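Pasting my_file.txt here (compact mmCIF, N, CA and C atoms):
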# COMPACT_ATOMS: atom_id res chain seq x y z
N MET P 17 -11.64 2.54 51.49
CA MET P 17 -12.24 1.34 50.94
C MET P 17 -12.59 1.51 49.47
N SER P 18 -13.01 2.72 49.10
CA SER P 18 -13.38 2.94 47.70
C SER P 18 -12.17 2.85 46.79
N GLU P 19 -10.96 3.14 47.32
CA GLU P 19 -9.76 3.02 46.51
C GLU P 19 -9.52 1.57 46.11
N ASN P 20 -9.74 0.63 47.01
CA ASN P 20 -9.54 -0.78 46.71
C ASN P 20 -10.53 -1.25 45.64
N THR P 21 -11.77 -0.80 45.74
CA THR P 21 -12.78 -1.18 44.75
C THR P 21 -12.40 -0.65 43.37
N THR P 22 -11.96 0.58 43.31
CA THR P 22 -11.55 1.19 42.04
C THR P 22 -10.36 0.43 41.45
N GLU P 23 -9.39 0.10 42.30
CA GLU P 23 -8.22 -0.63 41.83
C GLU P 23 -8.59 -2.01 41.29
N VAL P 24 -9.53 -2.67 41.95
CA VAL P 24 -9.98 -4.00 41.50
C VAL P 24 -10.69 -3.87 40.15
N ILE P 25 -11.52 -2.88 39.99
CA ILE P 25 -12.26 -2.69 38.73
C ILE P 25 -11.28 -2.36 37.60
N VAL P 26 -10.33 -1.47 37.84
CA VAL P 26 -9.35 -1.12 36.81
C VAL P 26 -8.49 -2.34 36.48
N GLY P 27 -8.07 -3.08 37.49
CA GLY P 27 -7.27 -4.29 37.25
C GLY P 27 -8.03 -5.32 36.44
N ALA P 28 -9.32 -5.51 36.74
CA ALA P 28 -10.14 -6.45 35.97
C ALA P 28 -10.28 -5.98 34.53
N GLY P 29 -10.41 -4.68 34.32
CA GLY P 29 -10.51 -4.16 32.95
C GLY P 29 -9.24 -4.39 32.16
N VAL P 30 -8.09 -4.16 32.80
CA VAL P 30 -6.80 -4.39 32.14
C VAL P 30 -6.63 -5.87 31.82
N LEU P 31 -6.99 -6.73 32.75
CA LEU P 31 -6.89 -8.17 32.53
C LEU P 31 -7.80 -8.62 31.38
N ALA P 32 -9.02 -8.10 31.32
CA ALA P 32 -9.95 -8.44 30.24
C ALA P 32 -9.39 -7.97 28.88
N ALA P 33 -8.80 -6.77 28.86
CA ALA P 33 -8.22 -6.27 27.61
C ALA P 33 -7.05 -7.13 27.17
N ALA P 34 -6.23 -7.59 28.12
CA ALA P 34 -5.09 -8.45 27.78
C ALA P 34 -5.56 -9.78 27.22
N ILE P 35 -6.58 -10.37 27.83
CA ILE P 35 -7.13 -11.63 27.34
C ILE P 35 -7.72 -11.45 25.94
N ALA P 36 -8.45 -10.36 25.72
CA ALA P 36 -9.03 -10.10 24.40
C ALA P 36 -7.93 -9.94 23.35
N PHE P 37 -6.82 -9.28 23.71
CA PHE P 37 -5.71 -9.11 22.78
C PHE P 37 -5.09 -10.46 22.43
N VAL P 38 -4.88 -11.32 23.40
CA VAL P 38 -4.28 -12.64 23.15
C VAL P 38 -5.19 -13.47 22.24
N VAL P 39 -6.49 -13.45 22.48
CA VAL P 39 -7.43 -14.18 21.63
C VAL P 39 -7.40 -13.63 20.21
N TYR P 40 -7.42 -12.32 20.06
CA TYR P 40 -7.36 -11.70 18.73
C TYR P 40 -6.07 -12.05 18.00
N ALA P 41 -4.94 -11.96 18.70
CA ALA P 41 -3.65 -12.28 18.08
C ALA P 41 -3.61 -13.74 17.65
N GLY P 42 -4.19 -14.63 18.43
CA GLY P 42 -4.24 -16.04 18.06
C GLY P 42 -5.07 -16.28 16.81
N GLN P 43 -6.18 -15.57 16.68
CA GLN P 43 -7.02 -15.73 15.50
C GLN P 43 -6.35 -15.16 14.25
N VAL P 44 -5.71 -14.03 14.37
CA VAL P 44 -5.07 -13.39 13.22
C VAL P 44 -3.89 -14.23 12.73
N SER P 45 -3.13 -14.82 13.65
CA SER P 45 -1.94 -15.58 13.25
C SER P 45 -2.23 -17.04 12.99
N ASP P 46 -3.48 -17.46 13.00
CA ASP P 46 -3.89 -18.85 12.78
C ASP P 46 -3.29 -19.79 13.81
N PHE P 47 -2.97 -19.28 15.00
CA PHE P 47 -2.43 -20.12 16.06
C PHE P 47 -3.51 -21.09 16.51
N GLY P 48 -3.13 -22.35 16.65
CA GLY P 48 -4.10 -23.34 17.11
C GLY P 48 -4.89 -23.97 15.98
N SER P 49 -4.57 -23.64 14.74
CA SER P 49 -5.29 -24.25 13.63
C SER P 49 -4.50 -25.42 13.07
N GLY P 50 -3.65 -26.03 13.91
CA GLY P 50 -2.86 -27.15 13.46
C GLY P 50 -3.74 -28.32 13.07
N GLY P 51 -3.26 -29.11 12.13
CA GLY P 51 -4.01 -30.28 11.68
C GLY P 51 -5.03 -29.96 10.61
N THR P 52 -5.17 -28.70 10.22
CA THR P 52 -6.14 -28.34 9.20
C THR P 52 -5.46 -28.02 7.87
N SER P 53 -4.24 -28.50 7.71
CA SER P 53 -3.53 -28.27 6.46
C SER P 53 -2.77 -29.52 6.08
N TYR P 54 -2.28 -29.53 4.83
CA TYR P 54 -1.49 -30.67 4.36
C TYR P 54 -0.23 -30.15 3.67
N PRO P 55 0.88 -30.92 3.76
CA PRO P 55 2.14 -30.45 3.20
C PRO P 55 2.31 -30.78 1.73
N LEU P 56 2.97 -29.88 1.01
CA LEU P 56 3.43 -30.11 -0.35
C LEU P 56 4.89 -29.71 -0.41
N GLU P 57 5.67 -30.39 -1.23
CA GLU P 57 7.10 -30.13 -1.35
C GLU P 57 7.39 -29.42 -2.67
N ALA P 58 8.44 -28.62 -2.69
CA ALA P 58 8.90 -27.95 -3.91
C ALA P 58 10.38 -27.64 -3.75
N SER P 59 11.10 -27.53 -4.87
CA SER P 59 12.52 -27.21 -4.84
C SER P 59 12.76 -26.00 -5.74
N PHE P 60 13.36 -24.95 -5.16
CA PHE P 60 13.57 -23.70 -5.88
C PHE P 60 15.05 -23.42 -6.08
N ARG P 61 15.38 -22.75 -7.20
CA ARG P 61 16.74 -22.30 -7.45
C ARG P 61 17.08 -21.15 -6.51
N SER P 62 16.11 -20.27 -6.25
CA SER P 62 16.33 -19.13 -5.37
C SER P 62 15.06 -18.84 -4.58
N LEU P 63 15.21 -18.66 -3.27
CA LEU P 63 14.09 -18.32 -2.39
C LEU P 63 14.26 -16.93 -1.81
N GLU P 64 14.90 -16.04 -2.52
CA GLU P 64 15.19 -14.71 -2.02
C GLU P 64 13.92 -14.03 -1.50
N GLY P 65 13.94 -13.60 -0.25
CA GLY P 65 12.81 -12.91 0.35
C GLY P 65 11.74 -13.81 0.93
N VAL P 66 11.95 -15.12 0.91
CA VAL P 66 10.96 -16.06 1.45
C VAL P 66 11.59 -16.81 2.61
N SER P 67 10.83 -16.96 3.68
CA SER P 67 11.29 -17.71 4.85
C SER P 67 10.11 -18.45 5.45
N VAL P 68 10.38 -19.20 6.52
CA VAL P 68 9.31 -19.93 7.19
C VAL P 68 8.26 -18.93 7.66
N GLY P 69 7.00 -19.23 7.38
CA GLY P 69 5.90 -18.34 7.76
C GLY P 69 5.40 -17.45 6.64
N THR P 70 6.14 -17.39 5.52
CA THR P 70 5.72 -16.57 4.38
C THR P 70 4.41 -17.12 3.82
N ASP P 71 3.54 -16.21 3.38
CA ASP P 71 2.23 -16.60 2.83
C ASP P 71 2.37 -17.43 1.57
N VAL P 72 1.44 -18.39 1.41
CA VAL P 72 1.24 -19.11 0.16
C VAL P 72 -0.13 -18.67 -0.34
N ARG P 73 -0.18 -18.17 -1.57
CA ARG P 73 -1.43 -17.61 -2.10
C ARG P 73 -1.84 -18.31 -3.38
N LEU P 74 -3.14 -18.35 -3.58
CA LEU P 74 -3.75 -18.87 -4.80
C LEU P 74 -4.77 -17.84 -5.23
N ALA P 75 -4.59 -17.26 -6.41
CA ALA P 75 -5.47 -16.21 -6.93
C ALA P 75 -5.51 -15.01 -5.98
N GLY P 76 -4.39 -14.75 -5.30
CA GLY P 76 -4.29 -13.61 -4.39
C GLY P 76 -4.84 -13.86 -3.01
N VAL P 77 -5.38 -15.04 -2.76
CA VAL P 77 -5.97 -15.38 -1.47
C VAL P 77 -5.00 -16.28 -0.71
N ARG P 78 -4.78 -15.98 0.57
CA ARG P 78 -3.88 -16.79 1.39
C ARG P 78 -4.49 -18.16 1.61
N VAL P 79 -3.76 -19.21 1.19
CA VAL P 79 -4.25 -20.58 1.36
C VAL P 79 -3.29 -21.43 2.18
N GLY P 80 -2.24 -20.81 2.72
CA GLY P 80 -1.29 -21.55 3.52
C GLY P 80 -0.06 -20.73 3.82
N SER P 81 1.00 -21.43 4.24
CA SER P 81 2.25 -20.75 4.56
C SER P 81 3.43 -21.70 4.35
N VAL P 82 4.61 -21.12 4.28
CA VAL P 82 5.83 -21.90 4.15
C VAL P 82 6.14 -22.51 5.52
N ALA P 83 6.30 -23.83 5.56
CA ALA P 83 6.51 -24.53 6.82
C ALA P 83 7.98 -24.83 7.09
N ALA P 84 8.76 -25.09 6.04
CA ALA P 84 10.17 -25.43 6.23
C ALA P 84 10.97 -25.09 4.98
N VAL P 85 12.23 -24.71 5.20
CA VAL P 85 13.16 -24.42 4.11
C VAL P 85 14.50 -25.04 4.46
N ASP P 86 15.04 -25.86 3.56
CA ASP P 86 16.33 -26.50 3.78
C ASP P 86 17.13 -26.45 2.49
N LEU P 87 18.45 -26.31 2.62
CA LEU P 87 19.33 -26.35 1.46
C LEU P 87 19.67 -27.80 1.15
N ASN P 88 19.45 -28.21 -0.10
CA ASN P 88 19.82 -29.55 -0.52
C ASN P 88 21.30 -29.51 -0.92
N PRO P 89 22.17 -30.21 -0.17
CA PRO P 89 23.60 -30.12 -0.45
C PRO P 89 24.03 -30.79 -1.76
N GLU P 90 23.18 -31.62 -2.33
CA GLU P 90 23.53 -32.28 -3.59
C GLU P 90 23.16 -31.44 -4.80
N THR P 91 22.01 -30.78 -4.75
CA THR P 91 21.54 -30.00 -5.89
C THR P 91 21.75 -28.50 -5.72
N TYR P 92 22.08 -28.06 -4.50
CA TYR P 92 22.23 -26.64 -4.17
C TYR P 92 20.95 -25.87 -4.47
N ARG P 93 19.84 -26.49 -4.20
CA ARG P 93 18.53 -25.86 -4.35
C ARG P 93 17.87 -25.77 -2.99
N ALA P 94 16.90 -24.89 -2.86
CA ALA P 94 16.17 -24.71 -1.61
C ALA P 94 14.96 -25.65 -1.61
N ASP P 95 15.05 -26.73 -0.84
CA ASP P 95 13.92 -27.64 -0.69
C ASP P 95 12.95 -27.02 0.30
N THR P 96 11.71 -26.88 -0.12
CA THR P 96 10.72 -26.13 0.64
C THR P 96 9.48 -26.98 0.89
N THR P 97 8.94 -26.85 2.08
CA THR P 97 7.66 -27.48 2.41
C THR P 97 6.65 -26.37 2.65
N VAL P 98 5.52 -26.44 1.94
CA VAL P 98 4.43 -25.48 2.16
C VAL P 98 3.23 -26.23 2.72
N GLU P 99 2.52 -25.58 3.61
CA GLU P 99 1.30 -26.14 4.19
C GLU P 99 0.11 -25.46 3.52
N VAL P 100 -0.79 -26.25 2.94
CA VAL P 100 -1.97 -25.74 2.26
C VAL P 100 -3.21 -26.15 3.07
N LEU P 101 -4.13 -25.23 3.23
CA LEU P 101 -5.33 -25.49 4.02
C LEU P 101 -6.11 -26.68 3.46
N GLN P 102 -6.63 -27.50 4.37
CA GLN P 102 -7.49 -28.62 3.97
C GLN P 102 -8.69 -28.06 3.20
N GLY P 103 -9.14 -28.79 2.22
CA GLY P 103 -10.29 -28.35 1.42
C GLY P 103 -9.88 -27.59 0.17
N ILE P 104 -8.63 -27.13 0.11
CA ILE P 104 -8.12 -26.47 -1.10
C ILE P 104 -7.41 -27.54 -1.91
N GLU P 105 -8.02 -27.93 -3.02
CA GLU P 105 -7.43 -28.95 -3.88
C GLU P 105 -6.63 -28.28 -4.98
N ILE P 106 -5.37 -28.69 -5.09
CA ILE P 106 -4.44 -28.12 -6.07
C ILE P 106 -4.26 -29.13 -7.20
N PRO P 107 -4.59 -28.75 -8.47
CA PRO P 107 -4.37 -29.68 -9.59
C PRO P 107 -2.91 -30.11 -9.68
N ASP P 108 -2.68 -31.37 -10.06
CA ASP P 108 -1.32 -31.91 -10.03
C ASP P 108 -0.42 -31.43 -11.16
N ASP P 109 -0.90 -30.54 -12.02
CA ASP P 109 -0.04 -29.92 -13.03
C ASP P 109 0.18 -28.43 -12.73
N SER P 110 -0.06 -28.04 -11.50
CA SER P 110 0.10 -26.65 -11.10
C SER P 110 1.56 -26.28 -10.95
N ALA P 111 1.84 -24.98 -11.02
CA ALA P 111 3.18 -24.44 -10.82
C ALA P 111 3.21 -23.68 -9.51
N ILE P 112 4.40 -23.54 -8.95
CA ILE P 112 4.57 -22.75 -7.72
C ILE P 112 5.69 -21.75 -7.99
N VAL P 113 5.42 -20.48 -7.70
CA VAL P 113 6.28 -19.38 -8.13
C VAL P 113 6.54 -18.45 -6.95
N ILE P 114 7.73 -17.88 -6.88
CA ILE P 114 8.02 -16.83 -5.91
C ILE P 114 7.64 -15.51 -6.58
N SER P 115 6.67 -14.81 -6.00
CA SER P 115 6.18 -13.56 -6.57
C SER P 115 6.47 -12.40 -5.62
N SER P 116 6.41 -11.20 -6.15
CA SER P 116 6.66 -10.00 -5.37
C SER P 116 5.38 -9.19 -5.27
N GLU P 117 5.20 -8.53 -4.12
CA GLU P 117 4.02 -7.69 -3.92
C GLU P 117 4.17 -6.33 -4.59
N GLY P 118 5.30 -6.05 -5.15
CA GLY P 118 5.55 -4.78 -5.81
C GLY P 118 7.01 -4.42 -5.68
N LEU P 119 7.37 -3.21 -6.10
CA LEU P 119 8.77 -2.80 -6.05
C LEU P 119 9.32 -2.77 -4.63
N LEU P 120 8.53 -2.32 -3.68
CA LEU P 120 9.00 -2.21 -2.31
C LEU P 120 8.38 -3.25 -1.40
N GLY P 121 7.48 -4.07 -1.92
CA GLY P 121 6.83 -5.08 -1.10
C GLY P 121 7.66 -6.33 -0.94
N GLY P 122 7.22 -7.19 -0.06
CA GLY P 122 7.92 -8.45 0.17
C GLY P 122 7.53 -9.50 -0.84
N ASN P 123 8.17 -10.65 -0.73
CA ASN P 123 7.87 -11.77 -1.61
C ASN P 123 6.90 -12.72 -0.94
N PHE P 124 6.20 -13.50 -1.75
CA PHE P 124 5.32 -14.54 -1.26
C PHE P 124 5.36 -15.69 -2.25
N VAL P 125 4.80 -16.83 -1.85
CA VAL P 125 4.76 -18.00 -2.71
C VAL P 125 3.38 -18.05 -3.35
N GLU P 126 3.35 -18.16 -4.67
CA GLU P 126 2.08 -18.18 -5.41
C GLU P 126 1.93 -19.53 -6.10
N ILE P 127 0.76 -20.11 -5.94
CA ILE P 127 0.43 -21.34 -6.65
C ILE P 127 -0.37 -20.95 -7.89
N VAL P 128 0.13 -21.37 -9.06
CA VAL P 128 -0.55 -21.11 -10.32
C VAL P 128 -1.23 -22.41 -10.73
N PRO P 129 -2.56 -22.48 -10.61
CA PRO P 129 -3.24 -23.75 -10.84
C PRO P 129 -3.20 -24.20 -12.29
N GLY P 130 -3.11 -25.50 -12.47
CA GLY P 130 -3.17 -26.09 -13.79
C GLY P 130 -4.60 -26.51 -14.10
N GLY P 131 -4.76 -27.34 -15.11
CA GLY P 131 -6.10 -27.74 -15.54
C GLY P 131 -6.37 -29.22 -15.37
N SER P 132 -5.50 -29.93 -14.68
CA SER P 132 -5.64 -31.37 -14.52
C SER P 132 -6.84 -31.72 -13.65
N PRO P 133 -7.53 -32.82 -13.97
CA PRO P 133 -8.64 -33.26 -13.11
C PRO P 133 -8.15 -34.01 -11.87
N PHE P 134 -6.84 -34.22 -11.75
CA PHE P 134 -6.27 -34.92 -10.60
C PHE P 134 -5.59 -33.91 -9.69
N PHE P 135 -5.54 -34.21 -8.40
CA PHE P 135 -5.05 -33.25 -7.42
C PHE P 135 -3.87 -33.80 -6.64
N PHE P 136 -3.04 -32.87 -6.10
CA PHE P 136 -1.92 -33.26 -5.25
C PHE P 136 -2.45 -33.88 -3.96
N GLU P 137 -1.74 -34.89 -3.49
CA GLU P 137 -2.02 -35.50 -2.19
C GLU P 137 -1.01 -34.95 -1.19
N ALA P 138 -1.27 -35.13 0.08
CA ALA P 138 -0.34 -34.69 1.12
C ALA P 138 1.03 -35.30 0.91
N GLY P 139 2.06 -34.47 0.92
CA GLY P 139 3.44 -34.94 0.76
C GLY P 139 3.93 -34.99 -0.67
N ASP P 140 3.07 -34.73 -1.65
CA ASP P 140 3.50 -34.74 -3.05
C ASP P 140 4.46 -33.58 -3.33
N THR P 141 5.18 -33.71 -4.45
CA THR P 141 6.15 -32.68 -4.84
C THR P 141 5.66 -31.94 -6.08
N ILE P 142 5.67 -30.62 -5.99
CA ILE P 142 5.36 -29.78 -7.14
C ILE P 142 6.66 -29.59 -7.90
N THR P 143 6.71 -30.08 -9.13
CA THR P 143 7.96 -30.05 -9.89
C THR P 143 8.12 -28.78 -10.73
N ASP P 144 7.02 -28.15 -11.10
CA ASP P 144 7.07 -26.93 -11.91
C ASP P 144 7.25 -25.74 -10.98
N THR P 145 8.50 -25.29 -10.80
CA THR P 145 8.80 -24.19 -9.88
C THR P 145 9.51 -23.06 -10.61
N GLN P 146 9.36 -21.85 -10.08
CA GLN P 146 10.09 -20.69 -10.58
C GLN P 146 10.57 -19.91 -9.37
N GLY P 147 11.86 -19.74 -9.25
CA GLY P 147 12.45 -19.05 -8.11
C GLY P 147 12.25 -17.55 -8.17
N ALA P 148 12.79 -16.90 -7.16
CA ALA P 148 12.69 -15.45 -7.06
C ALA P 148 13.53 -14.77 -8.14
N VAL P 149 13.02 -13.67 -8.66
CA VAL P 149 13.76 -12.86 -9.62
C VAL P 149 14.31 -11.67 -8.86
N SER P 150 15.62 -11.48 -8.92
CA SER P 150 16.26 -10.39 -8.19
C SER P 150 16.08 -9.08 -8.95
N LEU P 151 15.49 -8.11 -8.29
CA LEU P 151 15.29 -6.80 -8.90
C LEU P 151 16.62 -6.12 -9.19
N VAL P 152 17.59 -6.30 -8.32
CA VAL P 152 18.91 -5.69 -8.51
C VAL P 152 19.58 -6.25 -9.77
N SER P 153 19.53 -7.57 -9.96
CA SER P 153 20.16 -8.15 -11.15
C SER P 153 19.44 -7.71 -12.42
N LEU P 154 18.13 -7.57 -12.38
CA LEU P 154 17.40 -7.06 -13.54
C LEU P 154 17.81 -5.64 -13.88
N LEU P 155 17.94 -4.79 -12.85
CA LEU P 155 18.36 -3.41 -13.10
C LEU P 155 19.78 -3.34 -13.64
N LEU P 156 20.67 -4.18 -13.13
CA LEU P 156 22.04 -4.21 -13.65
C LEU P 156 22.08 -4.63 -15.10
N LYS P 157 21.27 -5.62 -15.47
CA LYS P 157 21.22 -6.05 -16.88
C LYS P 157 20.69 -4.92 -17.77
N PHE P 158 19.68 -4.20 -17.26
CA PHE P 158 19.11 -3.10 -18.05
C PHE P 158 20.12 -1.99 -18.24
N VAL P 159 20.82 -1.62 -17.17
CA VAL P 159 21.78 -0.52 -17.24
C VAL P 159 22.97 -0.88 -18.10
N SER P 160 23.44 -2.14 -18.00
CA SER P 160 24.63 -2.53 -18.77
C SER P 160 24.29 -2.92 -20.21
N GLY P 161 23.00 -3.09 -20.50
CA GLY P 161 22.62 -3.48 -21.85
C GLY P 161 22.86 -4.94 -22.15
N SER P 162 23.07 -5.73 -21.13
CA SER P 162 23.33 -7.17 -21.32
C SER P 162 22.06 -7.87 -21.73
N SER P 163 22.20 -8.84 -22.63
CA SER P 163 21.03 -9.60 -23.10
C SER P 163 20.97 -10.99 -22.47
N GLU P 164 21.87 -11.30 -21.54
CA GLU P 164 21.88 -12.63 -20.92
C GLU P 164 20.88 -12.73 -19.81

Output the file's structure in the form of structure tokens.
Amino acid sequence: MSENTTEVIVGAGVLAAAIAFVVYAGQVSDFGSGGTSYPLEASFRSLEGVSVGTDVRLAGVRVGSVAAVDLNPETYRADTTVEVLQGIEIPDDSAIVISSEGLLGGNFVEIVPGGSPFFFEAGDTITDTQGAVSLVSLLLKFVSGSSE
């Protein structure tokens, strides 16, 4: 009989640990926080290293994520939708840039705020964009001595 009690206690402990892990994972990944952000649109020449789910940062702080990426067949640019947390007001003269975390780090989307007293509304388009800079192409230009 004591074996059954021990098995029940161990099983309950494992189940509690699994539930705690699922709750923690949901909080870390912002799962269930839908409806607390608003979309902004941008079009980039190059989105190298950026995909759906990539962080959007402002002053180094995560303020959202990339929600959608589509190729525009007319302009051959990457049309991107980013979700920004509600309560974060972005001036309407801000720029959006693909930045790198370092030589070996990944890329992220950075919002460089402007100084306008007016702010983007949900669904607005950020026109001042700067795509990803390829480290390989920079190194090739340096090695070949090209000035282009």

Problem set entry | Straight-line distance linking atom CA of Val85 of chain P with atom CA of Val113 of chain P, stated in Å to one decimal | 14.9 Å

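Rounded to one decimal, atom CA of Thr22 of chain P and atom N of Ile35 of chain P lie 19.0 Å from each other.
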
With 8 Å added on each side, what axis-aligned box encloses every listed atom of segment 115-127 of chain P? Give the centre and edge lengths in Å to one decimal, as JSON.
{"center_x": 4.5, "center_y": -11.8, "center_z": -3.9, "size_x": 25.7, "size_y": 35.1, "size_z": 24.1}

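Take atom C of Phe60 of chain P and atom CA of Ala75 of chain P: the distance between them is 21.8 Å.
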
For this session: Please provide as a PyMOL selection string all residues within 7 Å of Phe124 of chain P, with the sequence filter that same-chain residues fewer than 4 positions apart are discarded (counting all atoms listed in the file).
Result: chain P and resi 65-66+70-73+113-117

Problem set entry | Sphere at (0.6, -27.6, 5.8), radius 6.5 Å, counting all atoms listed in the file: residues as an MDAnalysis selection string | chainID P and resid 52:56 81 98:101

For this session: Assign secondary structure with DSSP using the backbone only, and return the residues of chain P in alpha helix (DSSP H) as a count of residues only.
Result: 37

For this session: Apply DSSP to the structure's backbone, then extract all residues of segment 106-139 of chain P labelled strand (DSSP E) and return them as a count of residues only.
Result: 12

Exercise. What's the 6.5 Å shell around Thr145 of chain P, counting all atoms listed in the file, without same-chain residues fewer than 2 positions away, as a count of residues only?
Worked result: 8
